[in-house]
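Comments concern the structure below.
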Amino acid sequence: MSKLTAISRALEGHRRTFVGTTVASDFAHRNADAYDEVIEHDGDLTDVQDRVGPVDLVVSVMDADLAFSALAKGLDVLLVDSLLAFWQLERTPAEIADVCRRAAGRGYVGWQDDVGALTPHEQIYAAHLCATASVAQNFPGVPTRVRELEQLGAAAPRLSGAIIDHDAVGGAEGVDGSDVEVEPIDLLVNIGGFKNFLLDFDVHNEYLHLIERWVPDLVRAWPQLRRVVVCGGAYGGERGRDLTVGRCRVTFECKPQREFIAAMAATRHYLLTPGLTAIHEALAVGSFPLALPEEHVGHIANLQGLGATRFGRDGARFTDLVPGFEVPADDFHGTAAIDRRVGQLLRDDVAYAGFVDGMNARLGTYLELTDAEREAGVAELREMLSGPSFADVLRGVIGSLPVAASVAAV
């Protein structure tokens with residue numbers, strides 16, 4: 001959702017309509033200034049068009065269902081993808097391209113019968129091949145896949161740098177963000193949106209239980225901490241709360257995006273689950289974070305891809321912190337295994353104590369990093385992940401399409 005909000009802000013000058021439900025809708029309401037209209041809806045795009053009028057462009061952030069249903073209605077689709085290198089393909093790219101060719105011209109039935117039979121990861125790859133245009137955020141392996149898509153006939157796959165809200169990150173675009181009031185924070189912990197195809201706030205949520213147990217233990221181990229904020233989608237609205245641990249106030253909350261970025265920029269010590277958007281936002285403001293253990297398989301892939309950097313080497317991994325912790329490579333089964341194994345960790349006091357000791361050791365090393373070491377860590381990540389300005393790439397895409405004033409950011 002943070003990517004879609006950043007994209008919507010970059011489309012200023014067009015009418016931007018958000019359409020969605022649940023956690024995505026919650027985030028859109030928290031960042032309502034990024035949209036001209038927020039619609040609660042989870043259904044046929046025809047209903048959306050009846051409500052908002054003509055839609056010139058559908059922006060899909062890694063949502064294959066949305067992309068293909070829009071294409072079936074003859075709408076232009078921009079697919080934005082921050083994980084192109086991660087998608088696990090059981091079929092070869094050429095085989096997926098053949099499926100797309102068979103589905104072409106068959107409308108939504110073709111999507112359901114042909115492309116719909118692909119795995120979820122393969123469907124997103126297929127959406128690149130079929131979309132009017134697509135943008136992929138740089139990461140090791142992404143340039144190769146962009147070239148591969150071009151060779152297979154994708155209309156306009158483009159490589160981009162960070163897909164983030166550049167106006168909110170003063171270090172990226174020279175905007176000082178001085179209009180945002182920031183409280184002093186000793187430690188900021190970012191667990192991301194959390195919710196995905198399996199994980200949720202109320203089910204398959206063992207990682208949340210781990211964070212909520214571990215953060216107070218962390219504060220007790222580091223009594224110099226006086227203010228700690230844990231931020232994530234799981235703590236929006238009434239789910240947020242405050243507690244006091246010794247002399248430290250700990251808050252669990254979901255800040256609006258720009259308020260969160262301002263807090264991150266002003267906080268020296270920053271822990272995050274290794275999602276790429278969170279990493280890019282940190283780099284944009286010059287913050288060097290410490291990676292928390294993975295919530296899902298995508299986080300494992302991210303740390304592996306960045307393994308040659310200080311960030312990748314120093315990052316916490318369950319395989320290093322919990323004896324016998326193994327994760328299948330498959331996205332769904334691996335993520336389910338993480339959730340199940342974290343639950344076991346929480347029920348084993350000896351294993352949990354080992355986890356706490358391991359995290360304290362990593363945090364101790366992180367807290368002692370000098371300014372020069374942190375700056376070097378940021379620099380090597382920026383060099384590896386840099387790419388063309390997303391705003392420039394987006395302007396190029398929009399300029400190549402017959403887009404007027406109405407954009408559906410769905």
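Letters A, B, ... mark the chains of the structure tokens in the order given; residue numbers begin at 1 per chain; ligand numbers begin at 1, in order shown.
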
Need the shell around Ala72 in chain A: protein/DNA/RNA residues with any atom at most 9 Å away, counting only C-alpha atoms. Skip same-chain ones fewer than 6 positions apart. Format as a list in words?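 Those residues are Gly105, Arg106, Gly107, Tyr108, Val109, Gly110 and Trp111 of chain A.
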
Can you pull out every residue from range 86-333 of chain A that DSSP, working from the backbone, puts in strand (DSSP E or B), and format the result as a PyMOL selection string? chain A and resi 133-137+157-160+187-190+227-231+241-245+248-253+269-272+290-291

Residues of the last selection are to be written out with N, CA and C atoms, as a JSON list (two decimals), in the first residue's frame.
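Result written to part_32.json:
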```
[["chain", "number", "residue", "atom", "x", "y", "z"],
["A", 133, "ALA", "N", 1.73, -1.24, -19.98],
["A", 133, "ALA", "CA", 3.08, -0.87, -19.57],
["A", 133, "ALA", "C", 3.32, -1.43, -18.18],
["A", 134, "SER", "N", 4.58, -1.65, -17.84],
["A", 134, "SER", "CA", 4.90, -2.12, -16.49],
["A", 134, "SER", "C", 6.21, -1.49, -16.04],
["A", 135, "VAL", "N", 6.31, -1.34, -14.71],
["A", 135, "VAL", "CA", 7.50, -0.76, -14.09],
["A", 135, "VAL", "C", 7.99, -1.73, -13.02],
["A", 136, "ALA", "N", 9.28, -2.05, -13.04],
["A", 136, "ALA", "CA", 9.87, -2.96, -12.07],
["A", 136, "ALA", "C", 10.96, -2.23, -11.29],
["A", 137, "GLN", "N", 10.86, -2.29, -9.97],
["A", 137, "GLN", "CA", 11.86, -1.67, -9.10],
["A", 137, "GLN", "C", 13.15, -2.49, -9.13],
["A", 157, "PRO", "N", 8.05, -2.87, -20.66],
["A", 157, "PRO", "CA", 8.59, -3.08, -19.31],
["A", 157, "PRO", "C", 9.73, -2.10, -19.06],
["A", 158, "ARG", "N", 9.71, -1.46, -17.91],
["A", 158, "ARG", "CA", 10.72, -0.43, -17.63],
["A", 158, "ARG", "C", 11.33, -0.67, -16.25],
["A", 159, "LEU", "N", 12.63, -0.39, -16.17],
["A", 159, "LEU", "CA", 13.36, -0.49, -14.91],
["A", 159, "LEU", "C", 13.29, 0.84, -14.19],
["A", 160, "SER", "N", 13.10, 0.78, -12.87],
["A", 160, "SER", "CA", 12.99, 1.99, -12.06],
["A", 160, "SER", "C", 13.86, 1.87, -10.82],
["A", 187, "LEU", "N", 14.26, 4.42, 19.58],
["A", 187, "LEU", "CA", 14.28, 3.23, 18.72],
["A", 187, "LEU", "C", 12.95, 3.12, 17.99],
["A", 188, "LEU", "N", 13.02, 3.01, 16.68],
["A", 188, "LEU", "CA", 11.84, 2.83, 15.84],
["A", 188, "LEU", "C", 11.88, 1.42, 15.26],
["A", 189, "VAL", "N", 10.77, 0.70, 15.39],
["A", 189, "VAL", "CA", 10.67, -0.67, 14.89],
["A", 189, "VAL", "C", 9.54, -0.71, 13.86],
["A", 190, "ASN", "N", 9.87, -1.14, 12.65],
["A", 190, "ASN", "CA", 8.90, -1.16, 11.56],
["A", 190, "ASN", "C", 8.66, -2.60, 11.13],
["A", 227, "ARG", "N", 12.15, 5.91, 24.79],
["A", 227, "ARG", "CA", 10.98, 6.03, 23.90],
["A", 227, "ARG", "C", 11.16, 5.07, 22.74],
["A", 228, "VAL", "N", 10.26, 4.10, 22.63],
["A", 228, "VAL", "CA", 10.29, 3.12, 21.56],
["A", 228, "VAL", "C", 8.93, 3.12, 20.86],
["A", 229, "VAL", "N", 8.95, 3.12, 19.55],
["A", 229, "VAL", "CA", 7.72, 3.07, 18.76],
["A", 229, "VAL", "C", 7.79, 1.87, 17.82],
["A", 230, "VAL", "N", 6.77, 1.02, 17.88],
["A", 230, "VAL", "CA", 6.63, -0.11, 16.96],
["A", 230, "VAL", "C", 5.51, 0.25, 15.99],
["A", 231, "CYS", "N", 5.84, 0.30, 14.72],
["A", 231, "CYS", "CA", 4.88, 0.78, 13.72],
["A", 231, "CYS", "C", 4.58, -0.33, 12.71],
["A", 241, "ARG", "N", -1.72, 0.67, 20.87],
["A", 241, "ARG", "CA", -1.74, 0.76, 22.34],
["A", 241, "ARG", "C", -0.39, 1.28, 22.85],
["A", 242, "ASP", "N", -0.41, 1.73, 24.10],
["A", 242, "ASP", "CA", 0.79, 2.19, 24.80],
["A", 242, "ASP", "C", 1.03, 1.32, 26.01],
["A", 243, "LEU", "N", 2.30, 1.13, 26.36],
["A", 243, "LEU", "CA", 2.63, 0.49, 27.62],
["A", 243, "LEU", "C", 3.92, 1.09, 28.16],
["A", 244, "THR", "N", 4.13, 0.93, 29.44],
["A", 244, "THR", "CA", 5.33, 1.43, 30.09],
["A", 244, "THR", "C", 6.16, 0.25, 30.57],
["A", 245, "VAL", "N", 7.43, 0.26, 30.21],
["A", 245, "VAL", "CA", 8.36, -0.78, 30.63],
["A", 245, "VAL", "C", 9.51, -0.08, 31.35],
["A", 248, "CYS", "N", 10.65, 3.44, 30.23],
["A", 248, "CYS", "CA", 10.47, 3.61, 28.78],
["A", 248, "CYS", "C", 8.99, 3.52, 28.41],
["A", 249, "ARG", "N", 8.55, 4.41, 27.55],
["A", 249, "ARG", "CA", 7.20, 4.35, 27.00],
["A", 249, "ARG", "C", 7.27, 3.70, 25.63],
["A", 250, "VAL", "N", 6.49, 2.65, 25.45],
["A", 250, "VAL", "CA", 6.46, 1.90, 24.20],
["A", 250, "VAL", "C", 5.08, 2.07, 23.57],
["A", 251, "THR", "N", 5.06, 2.44, 22.31],
["A", 251, "THR", "CA", 3.80, 2.64, 21.58],
["A", 251, "THR", "C", 3.76, 1.71, 20.38],
["A", 252, "PHE", "N", 2.64, 1.01, 20.23],
["A", 252, "PHE", "CA", 2.37, 0.20, 19.04],
["A", 252, "PHE", "C", 1.32, 0.97, 18.23],
["A", 253, "GLU", "N", 1.65, 1.37, 17.01],
["A", 253, "GLU", "CA", 0.73, 2.20, 16.23],
["A", 253, "GLU", "C", 1.03, 2.06, 14.74],
["A", 269, "HIS", "N", 18.31, 4.98, 15.55],
["A", 269, "HIS", "CA", 18.28, 3.52, 15.63],
["A", 269, "HIS", "C", 16.95, 3.01, 15.07],
["A", 270, "TYR", "N", 17.05, 2.17, 14.03],
["A", 270, "TYR", "CA", 15.86, 1.80, 13.27],
["A", 270, "TYR", "C", 15.94, 0.31, 12.92],
["A", 271, "LEU", "N", 14.94, -0.46, 13.37],
["A", 271, "LEU", "CA", 14.82, -1.87, 13.05],
["A", 271, "LEU", "C", 13.66, -2.06, 12.09],
["A", 272, "LEU", "N", 13.84, -2.93, 11.09],
["A", 272, "LEU", "CA", 12.75, -3.16, 10.13],
["A", 272, "LEU", "C", 12.74, -4.60, 9.68],
["A", 290, "LEU", "N", 18.76, -1.99, 10.92],
["A", 290, "LEU", "CA", 19.08, -3.39, 11.21],
["A", 290, "LEU", "C", 17.87, -4.23, 10.83],
["A", 291, "ALA", "N", 18.10, -5.31, 10.07],
["A", 291, "ALA", "CA", 17.00, -6.16, 9.64],
["A", 291, "ALA", "C", 16.55, -7.09, 10.76]]
```

Selection: 9 Å around Ala379 in chain A, only C-alpha atoms, excl. self and same-chain fewer than 5 positions, as a list of chain:residue names: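 Neighbouring residues, sequence-local ones excluded: A:Leu283, A:Gly286, A:Arg374, A:Met384.
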
Using only C-alpha atoms, please write the residues we just selected to a file, as a PDB file, in the first residue's frame.
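Output below, filename out_4.pdb:
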```pdb
ATOM      1  CA  LEU A 283      18.168   4.762   2.189  1.00  0.00           C
ATOM      2  CA  GLY A 286      20.206   8.271   4.872  1.00  0.00           C
ATOM      3  CA  ARG A 374      26.415   3.650   8.876  1.00  0.00           C
ATOM      4  CA  MET A 384      23.333  -1.886  -5.592  1.00  0.00           C
TER       5      MET A 384
END
```

May I ask which of the residues A:Ala301, A:Val146, A:Val55, A:Met62 is the closest one to Pro93 in chain A, counting only C-alpha atoms?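 Smallest distance to Pro93 in chain A is found for A:Val146.
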
Quick one: of A:Phe18, A:Ala127, A:Ala85, A:His204, who's nearest to Ser69 in chain A, counting only C-alpha atoms? A:Ala127

Which residues are close to range 389-402 of chain A, i.e. within 12 Å by only C-alpha atoms, leaving aside same-chain residues fewer than 4 positions away? Reply as a PyMOL selection string. chain A and resi 3+6-14+55-59+75-82+131-138+155-167+172-173+385+406-407

Please list as a VMD selection string every residue within 12 Å of Tyr125 in chain A, counting only C-alpha atoms and excluding residues in the same chain fewer than 5 positions away. chain A and resid 62 to 64 67 to 68 79 to 81 83 to 97 99 to 100 115 118 to 120 130 to 131 134 to 136 145 to 146 148 to 149 152 154 157

Using only C-alpha atoms, which of A:Cys254, A:His333, A:Arg268, A:Phe318 sits nearest Thr370 in chain A?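 Closest residue, counting only C-alpha atoms: A:Arg268.
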